[in-house]
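Shown next: input.csv, given as CSV, C-alpha atoms.
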```
chain,number,residue,atom,x,y,z
A,1,MET,CA,0.2,-16.8,78.0
A,2,ALA,CA,1.3,-19.3,75.4
A,3,SER,CA,3.8,-17.5,73.2
A,4,SER,CA,3.3,-19.8,70.3
A,5,ALA,CA,3.3,-19.0,66.7
A,6,GLU,CA,-0.4,-19.7,66.6
A,7,MET,CA,-1.0,-16.9,69.1
A,8,THR,CA,0.8,-14.4,67.0
A,9,GLN,CA,-1.1,-15.5,63.9
A,10,GLU,CA,-4.4,-15.0,65.9
A,11,GLU,CA,-3.3,-11.5,67.0
A,12,ASN,CA,-2.4,-10.6,63.5
A,13,ASN,CA,-5.7,-11.7,62.0
A,14,TRP,CA,-7.9,-9.9,64.5
A,15,GLY,CA,-5.6,-7.0,65.3
A,16,GLY,CA,-5.6,-5.8,61.7
A,17,GLY,CA,-2.1,-7.1,60.9
A,18,SER,CA,-3.3,-9.5,58.2
A,19,ARG,CA,-3.2,-8.3,54.6
A,20,PRO,CA,-5.2,-10.8,52.5
A,21,LEU,CA,-4.6,-8.9,49.2
A,22,GLY,CA,-0.9,-8.5,49.9
A,23,SER,CA,-1.1,-4.8,49.2
A,24,ARG,CA,-1.0,-1.6,51.2
A,25,TYR,CA,-4.0,0.7,51.8
A,26,GLY,CA,-2.9,3.5,49.5
A,27,LYS,CA,-2.2,1.2,46.5
A,28,LEU,CA,-5.5,-0.7,47.1
A,29,MET,CA,-7.5,2.5,47.1
A,30,MET,CA,-5.8,3.7,43.9
A,31,TRP,CA,-6.7,0.3,42.3
A,32,PHE,CA,-10.4,0.6,43.3
A,33,PHE,CA,-10.5,4.1,42.0
A,34,LEU,CA,-9.1,3.0,38.7
A,35,LEU,CA,-11.6,0.1,38.6
A,36,SER,CA,-14.5,2.6,38.9
A,37,ASP,CA,-12.8,4.9,36.4
A,38,ALA,CA,-12.5,1.9,33.9
A,39,LEU,CA,-16.2,1.3,34.2
A,40,THR,CA,-16.9,5.0,33.6
A,41,PHE,CA,-14.8,5.0,30.4
A,42,SER,CA,-16.4,1.7,29.2
A,43,GLY,CA,-19.8,3.4,29.7
A,44,PHE,CA,-18.6,6.3,27.4
A,45,LEU,CA,-17.2,4.1,24.8
A,46,THR,CA,-20.2,1.7,24.6
A,47,ALA,CA,-22.5,4.7,24.4
A,48,TYR,CA,-20.4,6.0,21.5
A,49,GLY,CA,-20.7,2.7,19.8
A,50,LEU,CA,-24.5,2.7,20.2
A,51,MET,CA,-24.9,6.2,18.7
A,52,ARG,CA,-22.6,5.4,15.9
A,53,PHE,CA,-24.7,2.3,15.1
A,54,LYS,CA,-27.8,4.5,15.2
A,55,PHE,CA,-26.4,7.2,12.8
A,56,GLU,CA,-24.2,5.0,10.6
A,57,SER,CA,-25.0,6.8,7.3
A,58,THR,CA,-24.0,10.2,8.6
A,59,TRP,CA,-21.3,9.2,11.1
A,60,PRO,CA,-18.0,10.6,10.1
A,61,ILE,CA,-15.2,8.2,9.2
A,62,ALA,CA,-12.2,9.1,11.4
A,63,GLU,CA,-9.7,9.0,8.6
A,64,ASN,CA,-11.6,11.7,6.7
A,65,VAL,CA,-11.6,13.9,9.9
A,66,PHE,CA,-8.2,13.7,11.4
A,67,THR,CA,-6.0,14.0,8.3
A,68,HIS,CA,-3.4,16.6,9.3
A,69,PHE,CA,0.2,16.2,10.4
A,70,PRO,CA,2.2,19.3,11.4
A,71,GLY,CA,4.4,20.5,8.5
A,72,LEU,CA,2.9,18.1,6.0
A,73,GLU,CA,0.4,19.0,3.3
A,74,GLY,CA,-2.5,16.8,2.2
A,75,ASP,CA,-4.1,13.7,3.6
A,76,GLN,CA,-2.2,12.0,6.4
A,77,PRO,CA,-4.7,9.7,8.0
A,78,LEU,CA,-3.8,8.1,11.4
A,79,LEU,CA,-0.2,9.3,11.3
A,80,TYR,CA,-0.6,12.1,13.9
A,81,VAL,CA,-2.6,10.0,16.3
A,82,ALA,CA,-0.1,7.2,15.9
A,83,LEU,CA,2.6,9.6,17.0
A,84,MET,CA,0.5,10.6,20.0
A,85,THR,CA,0.0,7.0,20.9
A,86,PHE,CA,3.7,6.4,20.7
A,87,ILE,CA,4.4,9.3,23.0
A,88,LEU,CA,2.0,8.0,25.6
A,89,ILE,CA,3.4,4.5,25.4
A,90,MET,CA,6.9,5.9,25.7
A,91,SER,CA,6.0,7.9,28.8
A,92,SER,CA,4.3,4.8,30.3
A,93,VAL,CA,7.7,3.0,29.8
A,94,THR,CA,9.6,5.7,31.5
A,95,MET,CA,7.1,5.5,34.4
A,96,VAL,CA,7.8,1.8,34.9
A,97,LEU,CA,11.5,2.6,34.8
A,98,ALA,CA,10.9,5.2,37.5
A,99,VAL,CA,9.0,2.7,39.7
A,100,ASN,CA,11.6,0.1,39.1
A,101,ALA,CA,14.4,2.5,40.1
A,102,GLY,CA,12.3,3.4,43.2
A,103,GLU,CA,12.3,-0.2,44.4
A,104,LYS,CA,16.1,-0.2,44.2
A,105,MET,CA,16.1,3.2,46.1
A,106,ASN,CA,18.0,4.8,43.3
A,107,ARG,CA,17.0,8.4,43.7
A,108,LYS,CA,18.9,9.8,40.8
A,109,ALA,CA,17.3,7.3,38.3
A,110,VAL,CA,13.8,8.0,39.8
A,111,THR,CA,14.3,11.7,39.3
A,112,ASN,CA,15.5,11.2,35.7
A,113,TRP,CA,12.6,8.9,34.6
A,114,MET,CA,9.9,10.9,36.4
A,115,LEU,CA,11.1,14.0,34.5
A,116,TRP,CA,10.9,12.1,31.1
A,117,THR,CA,7.4,10.9,32.1
A,118,ILE,CA,6.2,14.5,32.8
A,119,VAL,CA,7.7,15.7,29.5
A,120,GLY,CA,5.9,12.9,27.6
A,121,GLY,CA,2.6,13.8,29.3
A,122,PHE,CA,3.0,17.5,28.4
A,123,ILE,CA,3.7,16.7,24.7
A,124,PHE,CA,0.6,14.4,24.6
A,125,VAL,CA,-1.6,17.1,26.1
A,126,GLY,CA,-0.2,19.7,23.6
A,127,SER,CA,-0.8,17.3,20.7
A,128,GLN,CA,-4.3,16.9,21.8
A,129,ALA,CA,-4.8,20.6,21.9
A,130,TRP,CA,-3.5,20.8,18.3
A,131,GLU,CA,-5.9,18.1,17.2
A,132,TRP,CA,-8.8,19.8,18.8
A,133,TYR,CA,-7.8,23.1,17.2
A,134,HIS,CA,-7.9,21.6,13.7
A,135,PHE,CA,-11.2,19.8,14.5
A,136,ILE,CA,-12.8,23.0,15.6
A,137,ILE,CA,-11.5,25.2,12.7
A,138,GLY,CA,-12.7,22.6,10.2
A,139,ASP,CA,-11.5,21.5,6.8
A,140,SER,CA,-13.6,21.4,3.7
A,141,GLY,CA,-17.0,22.8,5.0
A,142,ALA,CA,-20.4,21.1,4.6
A,143,VAL,CA,-24.0,21.8,3.9
A,144,GLU,CA,-26.5,21.4,6.8
A,145,THR,CA,-30.0,20.8,5.6
A,146,ALA,CA,-33.2,22.1,7.2
A,147,ARG,CA,-33.5,18.7,8.9
A,148,GLN,CA,-30.0,19.3,10.4
A,149,GLU,CA,-28.4,16.6,8.2
A,150,ILE,CA,-24.8,17.2,7.2
A,151,LEU,CA,-24.0,16.6,3.5
A,152,HIS,CA,-20.7,16.9,1.7
A,153,ILE,CA,-20.2,18.4,-1.8
A,154,TYR,CA,-18.9,16.1,-4.6
A,155,ASN,CA,-18.1,16.7,-8.2
A,156,GLU,CA,-18.9,14.5,-11.2
A,157,GLU,CA,-15.7,12.6,-10.8
A,158,GLY,CA,-16.8,11.6,-7.3
A,159,GLU,CA,-14.2,13.7,-5.6
A,160,ARG,CA,-15.0,15.4,-2.3
A,161,LEU,CA,-14.8,19.2,-2.7
A,162,SER,CA,-14.0,21.8,-0.2
A,163,PHE,CA,-15.8,25.2,-0.2
A,164,SER,CA,-12.5,26.7,-1.4
A,165,GLN,CA,-12.6,24.4,-4.5
A,166,VAL,CA,-16.3,25.0,-5.1
A,167,VAL,CA,-16.0,28.8,-5.0
A,168,HIS,CA,-12.5,29.3,-6.4
A,169,GLY,CA,-12.4,26.3,-8.8
A,170,MET,CA,-10.3,23.2,-8.7
A,171,GLU,CA,-7.2,25.0,-9.9
A,172,GLU,CA,-7.3,28.0,-7.5
A,173,GLY,CA,-8.9,26.4,-4.5
A,174,HIS,CA,-7.3,24.3,-1.8
A,175,ALA,CA,-8.4,20.9,-0.5
A,176,SER,CA,-8.7,22.5,2.9
A,177,ASN,CA,-10.3,25.9,3.5
A,178,HIS,CA,-7.3,27.0,5.6
A,179,GLY,CA,-9.5,29.1,7.9
A,180,GLU,CA,-11.2,31.0,5.1
A,181,THR,CA,-14.9,31.5,5.8
A,182,PHE,CA,-17.5,31.3,3.0
A,183,THR,CA,-21.1,32.5,2.9
A,184,LYS,CA,-24.1,30.4,1.9
A,185,ALA,CA,-24.7,32.7,-1.1
A,186,GLU,CA,-21.2,32.2,-2.5
A,187,VAL,CA,-21.1,28.5,-2.2
A,188,LEU,CA,-24.7,28.0,-3.4
A,189,SER,CA,-24.3,30.1,-6.5
A,190,ALA,CA,-21.1,28.3,-7.4
A,191,MET,CA,-22.8,25.0,-6.9
A,192,LYS,CA,-25.9,26.0,-9.0
A,193,SER,CA,-23.6,27.0,-11.9
A,194,ASN,CA,-22.0,23.5,-12.1
A,195,GLU,CA,-24.4,20.8,-13.0
A,196,GLY,CA,-21.9,18.0,-12.0
A,197,MET,CA,-21.9,18.9,-8.3
A,198,TYR,CA,-24.1,17.0,-5.9
A,199,LEU,CA,-24.4,16.3,-2.2
A,200,MET,CA,-23.8,13.1,-0.4
A,201,GLU,CA,-24.0,11.8,3.2
A,202,PRO,CA,-20.6,11.5,4.9
A,203,GLY,CA,-20.9,8.1,6.5
A,204,LYS,CA,-20.4,4.5,5.4
A,205,ALA,CA,-23.0,3.6,2.7
A,206,GLY,CA,-24.2,7.2,2.7
A,207,GLU,CA,-26.8,8.3,0.2
A,208,ALA,CA,-26.0,10.5,-2.8
A,209,PHE,CA,-28.5,13.0,-4.2
A,210,THR,CA,-29.0,14.4,-7.7
A,211,HIS,CA,-27.9,17.9,-8.6
A,212,GLU,CA,-31.4,19.3,-8.5
A,213,VAL,CA,-32.3,17.7,-5.2
A,214,SER,CA,-29.0,18.8,-3.8
A,215,VAL,CA,-29.5,22.5,-4.8
A,216,ALA,CA,-33.1,22.4,-3.3
A,217,MET,CA,-31.8,21.0,0.0
A,218,PHE,CA,-29.0,23.5,0.0
A,219,GLU,CA,-31.4,26.4,-0.5
A,220,ALA,CA,-33.4,25.3,2.5
A,221,GLY,CA,-30.3,24.7,4.6
A,222,ASP,CA,-27.0,26.5,5.4
A,223,VAL,CA,-23.3,26.2,5.3
A,224,VAL,CA,-21.3,24.8,8.2
A,225,GLN,CA,-17.6,25.2,8.8
A,226,GLY,CA,-15.7,23.5,11.6
A,227,ALA,CA,-17.1,21.5,14.5
A,228,ASN,CA,-18.6,22.5,17.9
A,229,MET,CA,-21.3,21.2,20.2
A,230,ILE,CA,-24.1,22.4,17.9
A,231,HIS,CA,-22.8,22.1,14.3
A,232,ASN,CA,-20.3,19.6,12.9
A,233,GLU,CA,-19.1,19.8,9.3
A,234,TYR,CA,-17.7,16.3,9.4
A,235,GLY,CA,-21.1,14.6,9.8
A,236,GLN,CA,-23.4,13.6,12.6
A,237,LYS,CA,-23.0,16.2,15.4
A,238,GLN,CA,-23.1,13.5,18.1
A,239,PHE,CA,-19.7,12.6,16.8
A,240,ALA,CA,-18.3,16.0,17.8
A,241,ASN,CA,-20.0,15.8,21.2
A,242,PHE,CA,-18.5,12.3,21.9
A,243,PHE,CA,-15.2,13.4,20.6
A,244,PHE,CA,-15.0,16.4,22.8
A,245,PHE,CA,-16.4,14.6,25.8
A,246,ILE,CA,-14.3,11.3,25.6
A,247,THR,CA,-11.0,12.7,24.5
A,248,GLY,CA,-11.6,15.7,26.8
A,249,PHE,CA,-12.2,13.5,29.8
A,250,HIS,CA,-9.2,11.4,28.9
A,251,GLY,CA,-7.1,14.6,28.2
A,252,PHE,CA,-8.2,15.9,31.7
A,253,HIS,CA,-6.9,12.6,33.2
A,254,VAL,CA,-3.6,13.1,31.4
A,255,PHE,CA,-3.4,16.7,32.6
A,256,SER,CA,-4.2,15.8,36.2
A,257,GLY,CA,-1.7,12.9,35.8
A,258,VAL,CA,1.0,15.4,34.8
A,259,VAL,CA,0.2,17.6,37.8
A,260,ILE,CA,0.3,14.6,40.2
A,261,ASN,CA,3.5,13.3,38.6
A,262,PHE,CA,5.0,16.8,39.1
A,263,VAL,CA,4.1,16.8,42.8
A,264,ILE,CA,5.7,13.4,43.2
A,265,PHE,CA,8.7,14.5,41.2
A,266,TYR,CA,9.1,17.5,43.4
A,267,ASN,CA,9.0,15.3,46.5
A,268,VAL,CA,11.7,13.1,45.0
A,269,LEU,CA,13.8,16.1,44.5
A,270,LEU,CA,13.3,17.2,48.1
A,271,GLY,CA,14.3,13.7,49.2
A,272,THR,CA,10.9,13.0,51.0
A,273,TYR,CA,10.8,9.4,49.9
A,274,GLU,CA,14.5,8.9,50.7
A,275,ARG,CA,13.8,9.9,54.3
A,276,ARG,CA,10.6,7.8,54.4
A,277,GLY,CA,12.6,4.8,53.3
A,278,HIS,CA,10.5,3.7,50.4
A,279,TYR,CA,9.2,5.0,47.0
A,280,ARG,CA,5.7,3.6,47.2
A,281,MET,CA,4.1,7.0,46.2
A,282,VAL,CA,5.9,6.7,42.9
A,283,GLU,CA,4.3,3.2,42.4
A,284,LYS,CA,0.9,4.6,43.1
A,285,VAL,CA,1.1,7.5,40.6
A,286,GLY,CA,2.6,5.0,38.3
A,287,LEU,CA,-0.6,3.0,38.4
A,288,TYR,CA,-2.6,6.1,37.6
A,289,TRP,CA,-0.3,7.0,34.7
A,290,HIS,CA,-0.5,3.5,33.2
A,291,PHE,CA,-4.3,3.6,33.5
A,292,VAL,CA,-4.3,6.8,31.4
A,293,ASP,CA,-2.3,4.9,28.7
A,294,LEU,CA,-4.6,2.0,29.0
A,295,VAL,CA,-7.7,4.1,28.3
A,296,TRP,CA,-6.0,5.8,25.4
A,297,VAL,CA,-5.3,2.3,23.8
A,298,PHE,CA,-9.1,1.8,23.7
A,299,VAL,CA,-10.0,5.4,22.7
A,300,PHE,CA,-7.4,5.0,19.8
A,301,THR,CA,-9.1,1.8,18.6
A,302,PHE,CA,-12.7,2.9,18.8
A,303,PHE,CA,-12.3,6.5,17.7
A,304,TYR,CA,-9.6,6.2,15.0
A,305,LEU,CA,-9.4,2.6,13.8
A,306,VAL,CA,-12.7,0.9,13.9
B,1,MET,CA,8.6,-7.3,42.6
B,2,SER,CA,12.1,-8.2,43.2
B,3,ASP,CA,11.9,-11.2,40.9
B,4,HIS,CA,12.9,-9.0,38.0
B,5,ASN,CA,16.5,-8.4,37.2
B,6,GLY,CA,17.5,-5.3,35.2
B,7,THR,CA,15.0,-3.5,32.9
B,8,TRP,CA,14.9,-5.9,29.9
B,9,TRP,CA,11.3,-7.0,30.7
B,10,ILE,CA,10.1,-3.4,30.5
B,11,TRP,CA,11.7,-2.9,27.1
B,12,LYS,CA,10.3,-6.2,25.9
B,13,VAL,CA,6.8,-5.0,26.6
B,14,PHE,CA,7.6,-1.6,25.0
B,15,TRP,CA,8.6,-3.3,21.8
B,16,ILE,CA,5.5,-5.5,21.9
B,17,LEU,CA,3.2,-2.5,22.3
B,18,LEU,CA,5.1,-0.6,19.6
B,19,VAL,CA,4.9,-3.4,17.1
B,20,ILE,CA,1.2,-4.0,17.7
B,21,THR,CA,0.5,-0.2,17.4
B,22,GLY,CA,2.5,-0.1,14.2
B,23,VAL,CA,0.6,-3.1,12.7
B,24,GLU,CA,-2.7,-1.4,13.7
B,25,VAL,CA,-1.8,1.9,12.1
B,26,ALA,CA,-0.5,0.2,8.9
B,27,LEU,CA,-3.7,-1.9,8.6
B,28,GLY,CA,-5.8,1.3,9.3
B,29,ILE,CA,-4.1,3.1,6.4
B,30,VAL,CA,-4.0,0.3,3.9
B,31,LYS,CA,-7.3,-1.4,4.8
B,32,PRO,CA,-6.6,-4.7,2.9
B,33,GLU,CA,-9.6,-5.6,0.7
B,34,PHE,CA,-9.8,-9.2,1.9
B,35,MET,CA,-10.1,-8.1,5.5
B,36,LEU,CA,-13.3,-6.1,4.9
B,37,THR,CA,-15.4,-9.2,4.6
B,38,GLN,CA,-18.4,-9.0,7.0
B,39,VAL,CA,-18.6,-11.5,9.8
B,40,ILE,CA,-20.8,-11.3,12.9
B,41,GLY,CA,-22.0,-7.7,12.1
B,42,THR,CA,-18.6,-6.1,11.4
B,43,SER,CA,-15.5,-6.6,9.3
B,44,ILE,CA,-12.6,-9.0,10.0
B,45,LEU,CA,-10.4,-5.9,10.2
B,46,ASN,CA,-12.4,-4.4,13.0
B,47,ILE,CA,-12.4,-7.7,14.9
B,48,LEU,CA,-8.6,-7.9,14.5
B,49,PHE,CA,-8.3,-4.3,15.8
B,50,ILE,CA,-10.3,-5.2,18.9
B,51,VAL,CA,-8.2,-8.3,19.5
B,52,LEU,CA,-4.9,-6.5,19.1
B,53,THR,CA,-6.2,-3.8,21.5
B,54,LEU,CA,-7.1,-6.4,24.1
B,55,ILE,CA,-3.6,-7.9,23.8
B,56,LYS,CA,-2.1,-4.4,24.3
B,57,ALA,CA,-4.4,-3.8,27.3
B,58,ALA,CA,-3.4,-7.1,28.8
B,59,TYR,CA,0.3,-6.3,28.6
B,60,ILE,CA,-0.2,-2.9,30.2
B,61,VAL,CA,-2.3,-4.2,33.0
B,62,GLN,CA,-0.3,-7.4,33.6
B,63,ILE,CA,3.2,-6.2,33.4
B,64,PHE,CA,3.3,-2.3,33.6
B,65,MET,CA,0.6,-2.3,36.3
B,66,HIS,CA,2.1,-5.4,37.8
B,67,VAL,CA,-1.1,-7.3,38.4
B,68,LYS,CA,0.6,-10.5,37.2
B,69,PHE,CA,2.7,-10.5,40.3
B,70,GLU,CA,0.0,-9.6,42.8
B,71,LYS,CA,-1.8,-12.0,45.1
B,72,LYS,CA,-4.7,-14.1,43.8
B,73,GLY,CA,-7.2,-12.1,45.9
B,74,LEU,CA,-6.2,-8.8,44.4
B,75,LYS,CA,-6.3,-10.2,40.9
B,76,TYR,CA,-9.9,-11.5,41.4
B,77,ALA,CA,-10.9,-8.2,43.0
B,78,LEU,CA,-9.8,-6.3,39.9
B,79,TYR,CA,-10.5,-8.7,37.1
B,80,LEU,CA,-13.9,-10.1,38.1
B,81,PRO,CA,-15.8,-6.7,38.2
B,82,THR,CA,-14.3,-5.5,34.9
B,83,LEU,CA,-14.5,-8.8,33.0
B,84,ILE,CA,-18.2,-9.3,34.1
B,85,LEU,CA,-19.6,-5.8,34.0
B,86,ILE,CA,-18.0,-4.4,30.8
B,87,PRO,CA,-19.0,-7.4,28.6
B,88,TYR,CA,-22.4,-7.3,30.2
B,89,LEU,CA,-22.9,-3.7,29.3
B,90,THR,CA,-21.6,-4.3,25.8
B,91,PHE,CA,-24.0,-7.3,25.5
B,92,ILE,CA,-27.0,-5.2,26.6
B,93,LEU,CA,-26.3,-2.4,24.2
B,94,LEU,CA,-25.6,-4.8,21.3
B,95,THR,CA,-28.9,-6.7,21.8
B,96,GLU,CA,-31.2,-3.9,22.9
B,97,GLY,CA,-29.6,-1.6,20.3
B,98,SER,CA,-31.5,-3.3,17.6
B,99,TYR,CA,-34.7,-1.6,18.9
B,100,LEU,CA,-33.3,1.7,17.7
B,101,PHE,CA,-34.6,0.9,14.2
B,102,ARG,CA,-38.1,-0.3,15.1
```

Before anything else, please render the file you have as structure tokens.
Amino acid sequence: MASSAEMTQEENNWGGGSRPLGSRYGKLMMWFFLLSDALTFSGFLTAYGLMRFKFESTWPIAENVFTHFPGLEGDQPLLYVALMTFILIMSSVTMVLAVNAGEKMNRKAVTNWMLWTIVGGFIFVGSQAWEWYHFIIGDSGAVETARQEILHIYNEEGERLSFSQVVHGMEEGHASNHGETFTKAEVLSAMKSNEGMYLMEPGKAGEAFTHEVSVAMFEAGDVVQGANMIHNEYGQKQFANFFFFITGFHGFHVFSGVVINFVIFYNVLLGTYERRGHYRMVEKVGLYWHFVDLVWVFVFTFFYLV
Amino acid sequence: MSDHNGTWWIWKVFWILLVITGVEVALGIVKPEFMLTQVIGTSILNILFIVLTLIKAAYIVQIFMHVKFEKKGLKYALYLPTLILIPYLTFILLTEGSYLFR
């Protein structure tokens, strides 16, 4: 037997010792899972784009939908979601720091950074719950016509009115309904009595109707407050369906990421990886966690910015 | 892996991501008039948003997910499917989507 270097190479290649991708099994499988997941999310987002293109005139404009910031009154477009994005980026950074510390076998630093990552993930999921809550409760209310089109109420100055402002007047009413529910009769009679009020489509280049046409459409239709899978006061109901589905699917990824991170964190505490001699598990969950951040970068752009 | 010293490279990427996000949010709130000009079916602002997003995504994948330092084979295994299939899907929907109005 020739104990040459060639022979060893031969044995390595055919004996399963060769690693052409320079990566271990677990990490490779995580990567291929993330690859398929990336394609899934791209399917969702492109479908969103197609539907938005189809219903351009009634598609809600995100900055008119997500306008709340905890503790602040009035319109705060984008601020809250910017905060959420910042939290997720930050927790991605702490995750890299954890992986980095793991390579140096620094157990204390891994523990510390993993904990911060979990905290960041929790805050993000909580923020999303808050956003969903406000989306579901609704803001100004809208009219849904017999043809299931959503129309918003405007006054002669061209200002968007909430039901609260229509019924109680501009002085008494609030720009947001604050959870108060209104009946069709209340809003309709208030609208009839004010000649200046009219209905308009919510989307970009949406059509406006005259007062008479508006009242006639309202009489055949109904009032809508808040958003769910069937009605959506902000505009085209597909928007709500996509919002719930895509941010929900992403939020579930974040949630499962937090759970997996916690399991790994617990193992770090137990010293499992210290005994194993490497922290590769931290690297693998790290990949998953960065992917969650990566998807959010795209969701943020296509849901809130574009 | 071990070609990094310290953690400065992580914080560098953090600042890049933060600044880009900050710019995006600022542009999204202000919406400068001159950027609303329509080109190839959308506004310049939207195209800028997409470009900035792709830059952010590249930093996350290349540095945070460490692909930049992987072997060539793994890079191809990850980049080829995504960079072919996602633009292909987008292309199909963009071209066939025009039939929605016929």

Contact check, chain A to chain B, at most 8 Å, counting all atoms listed in the file, closest pairs as JSON lines:
```
{"residue": "A:Pro20", "atom": "CA", "partner": "B:Gly73", "partner_atom": "CA", "distance": 7.0}
{"residue": "A:Leu21", "atom": "CA", "partner": "B:Leu74", "partner_atom": "CA", "distance": 5.1}
{"residue": "A:Gly22", "atom": "CA", "partner": "B:Lys71", "partner_atom": "CA", "distance": 6.0}
{"residue": "A:Trp31", "atom": "CA", "partner": "B:Leu78", "partner_atom": "CA", "distance": 7.7}
{"residue": "A:Phe32", "atom": "CA", "partner": "B:Leu78", "partner_atom": "CA", "distance": 7.7}
{"residue": "A:Leu35", "atom": "CA", "partner": "B:Leu78", "partner_atom": "CA", "distance": 6.8}
{"residue": "A:Ala38", "atom": "CA", "partner": "B:Thr82", "partner_atom": "CA", "distance": 7.7}
{"residue": "A:Leu39", "atom": "CA", "partner": "B:Ile86", "partner_atom": "CA", "distance": 6.9}
{"residue": "A:Ser42", "atom": "CA", "partner": "B:Ile86", "partner_atom": "CA", "distance": 6.5}
{"residue": "A:Gly43", "atom": "CA", "partner": "B:Leu89", "partner_atom": "CA", "distance": 7.8}
{"residue": "A:Thr46", "atom": "CA", "partner": "B:Thr90", "partner_atom": "CA", "distance": 6.3}
{"residue": "A:Leu50", "atom": "CA", "partner": "B:Gly97", "partner_atom": "CA", "distance": 6.7}
{"residue": "A:Lys54", "atom": "CA", "partner": "B:Leu100", "partner_atom": "CA", "distance": 6.7}
{"residue": "A:Pro77", "atom": "CA", "partner": "B:Ile29", "partner_atom": "CA", "distance": 6.8}
{"residue": "A:Leu78", "atom": "CA", "partner": "B:Val25", "partner_atom": "CA", "distance": 6.6}
{"residue": "A:Leu79", "atom": "CA", "partner": "B:Val25", "partner_atom": "CA", "distance": 7.6}
{"residue": "A:Ala82", "atom": "CA", "partner": "B:Val25", "partner_atom": "CA", "distance": 6.7}
{"residue": "A:Phe86", "atom": "CA", "partner": "B:Leu18", "partner_atom": "CA", "distance": 7.2}
{"residue": "A:Ile89", "atom": "CA", "partner": "B:Phe14", "partner_atom": "CA", "distance": 7.4}
{"residue": "A:Met90", "atom": "CA", "partner": "B:Phe14", "partner_atom": "CA", "distance": 7.6}
{"residue": "A:Ser92", "atom": "CA", "partner": "B:Phe64", "partner_atom": "CA", "distance": 7.9}
{"residue": "A:Val93", "atom": "CA", "partner": "B:Phe14", "partner_atom": "CA", "distance": 6.6}
{"residue": "A:Val96", "atom": "CA", "partner": "B:Phe64", "partner_atom": "CA", "distance": 6.2}
{"residue": "A:Leu97", "atom": "CA", "partner": "B:Thr7", "partner_atom": "CA", "distance": 7.3}
{"residue": "A:Asn100", "atom": "CA", "partner": "B:Thr7", "partner_atom": "CA", "distance": 7.9}
{"residue": "A:Gly286", "atom": "CA", "partner": "B:Met65", "partner_atom": "CA", "distance": 7.8}
{"residue": "A:Leu287", "atom": "CA", "partner": "B:Met65", "partner_atom": "CA", "distance": 5.8}
{"residue": "A:His290", "atom": "CA", "partner": "B:Met65", "partner_atom": "CA", "distance": 6.7}
{"residue": "A:Leu294", "atom": "CA", "partner": "B:Ala57", "partner_atom": "CA", "distance": 6.0}
{"residue": "A:Val297", "atom": "CA", "partner": "B:Thr53", "partner_atom": "CA", "distance": 6.6}
{"residue": "A:Phe298", "atom": "CA", "partner": "B:Thr53", "partner_atom": "CA", "distance": 6.7}
{"residue": "A:Thr301", "atom": "CA", "partner": "B:Phe49", "partner_atom": "CA", "distance": 6.8}
{"residue": "A:Leu305", "atom": "CA", "partner": "B:Gly28", "partner_atom": "CA", "distance": 5.9}
{"residue": "A:Val306", "atom": "CA", "partner": "B:Asn46", "partner_atom": "CA", "distance": 5.4}
```

Name the residues within 10 Å of (10.3, 3.4, 40.7), counting only C-alpha atoms in the file's coordinates, and put them as number ranges by chain. A: 94-107, 109-111, 113-114, 278-284, 286

Please provide the set of residues having any atom within 8 Å of region 205-219 of chain A, restricted to all atoms listed in the file, with same-chain residues fewer than 3 positions apart removed, written as a ChimeraX atom specification. /A:57-58,143-146,188,191-192,195-202,222

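In this structure, CA of Ile136 (chain A) sits 6.3 Å away from CA of Asn228 (chain A).
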
At a cut-off of 9 Å, using only C-alpha atoms, what residues contact Ile246 (chain A)? Leave out same-chain residues fewer than 2 positions from it and give the result as an NGL selection string. :A and (41 or 44-45 or 241-244 or 248-251 or 299)

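Nearest to Ile153 (chain A) of all the residues A:Thr181, A:Tyr234, A:Trp132, A:Phe124 is A:Tyr234, based on only C-alpha atoms.
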
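Interatomic distance, CA of Trp59 (chain A) to CA of Ala240 (chain A): 10.0 Å.
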
Would you compute the distance between CA of Thr95 (chain B) and CA of Leu83 (chain B)? Give it in Å to one decimal. 18.4 Å

Long-range neighbours of Ala227 (chain A) as an NGL selection string, 7 Å cut-off, only C-alpha atoms, 2 positions minimum in chain: :A and (135-138 or 225 or 231-233 or 240)

Using all atoms listed in the file, the best pick from A:Glu56, A:Asp37, A:Glu63, A:Glu73 as closest to His178 (chain A) would be A:Glu73
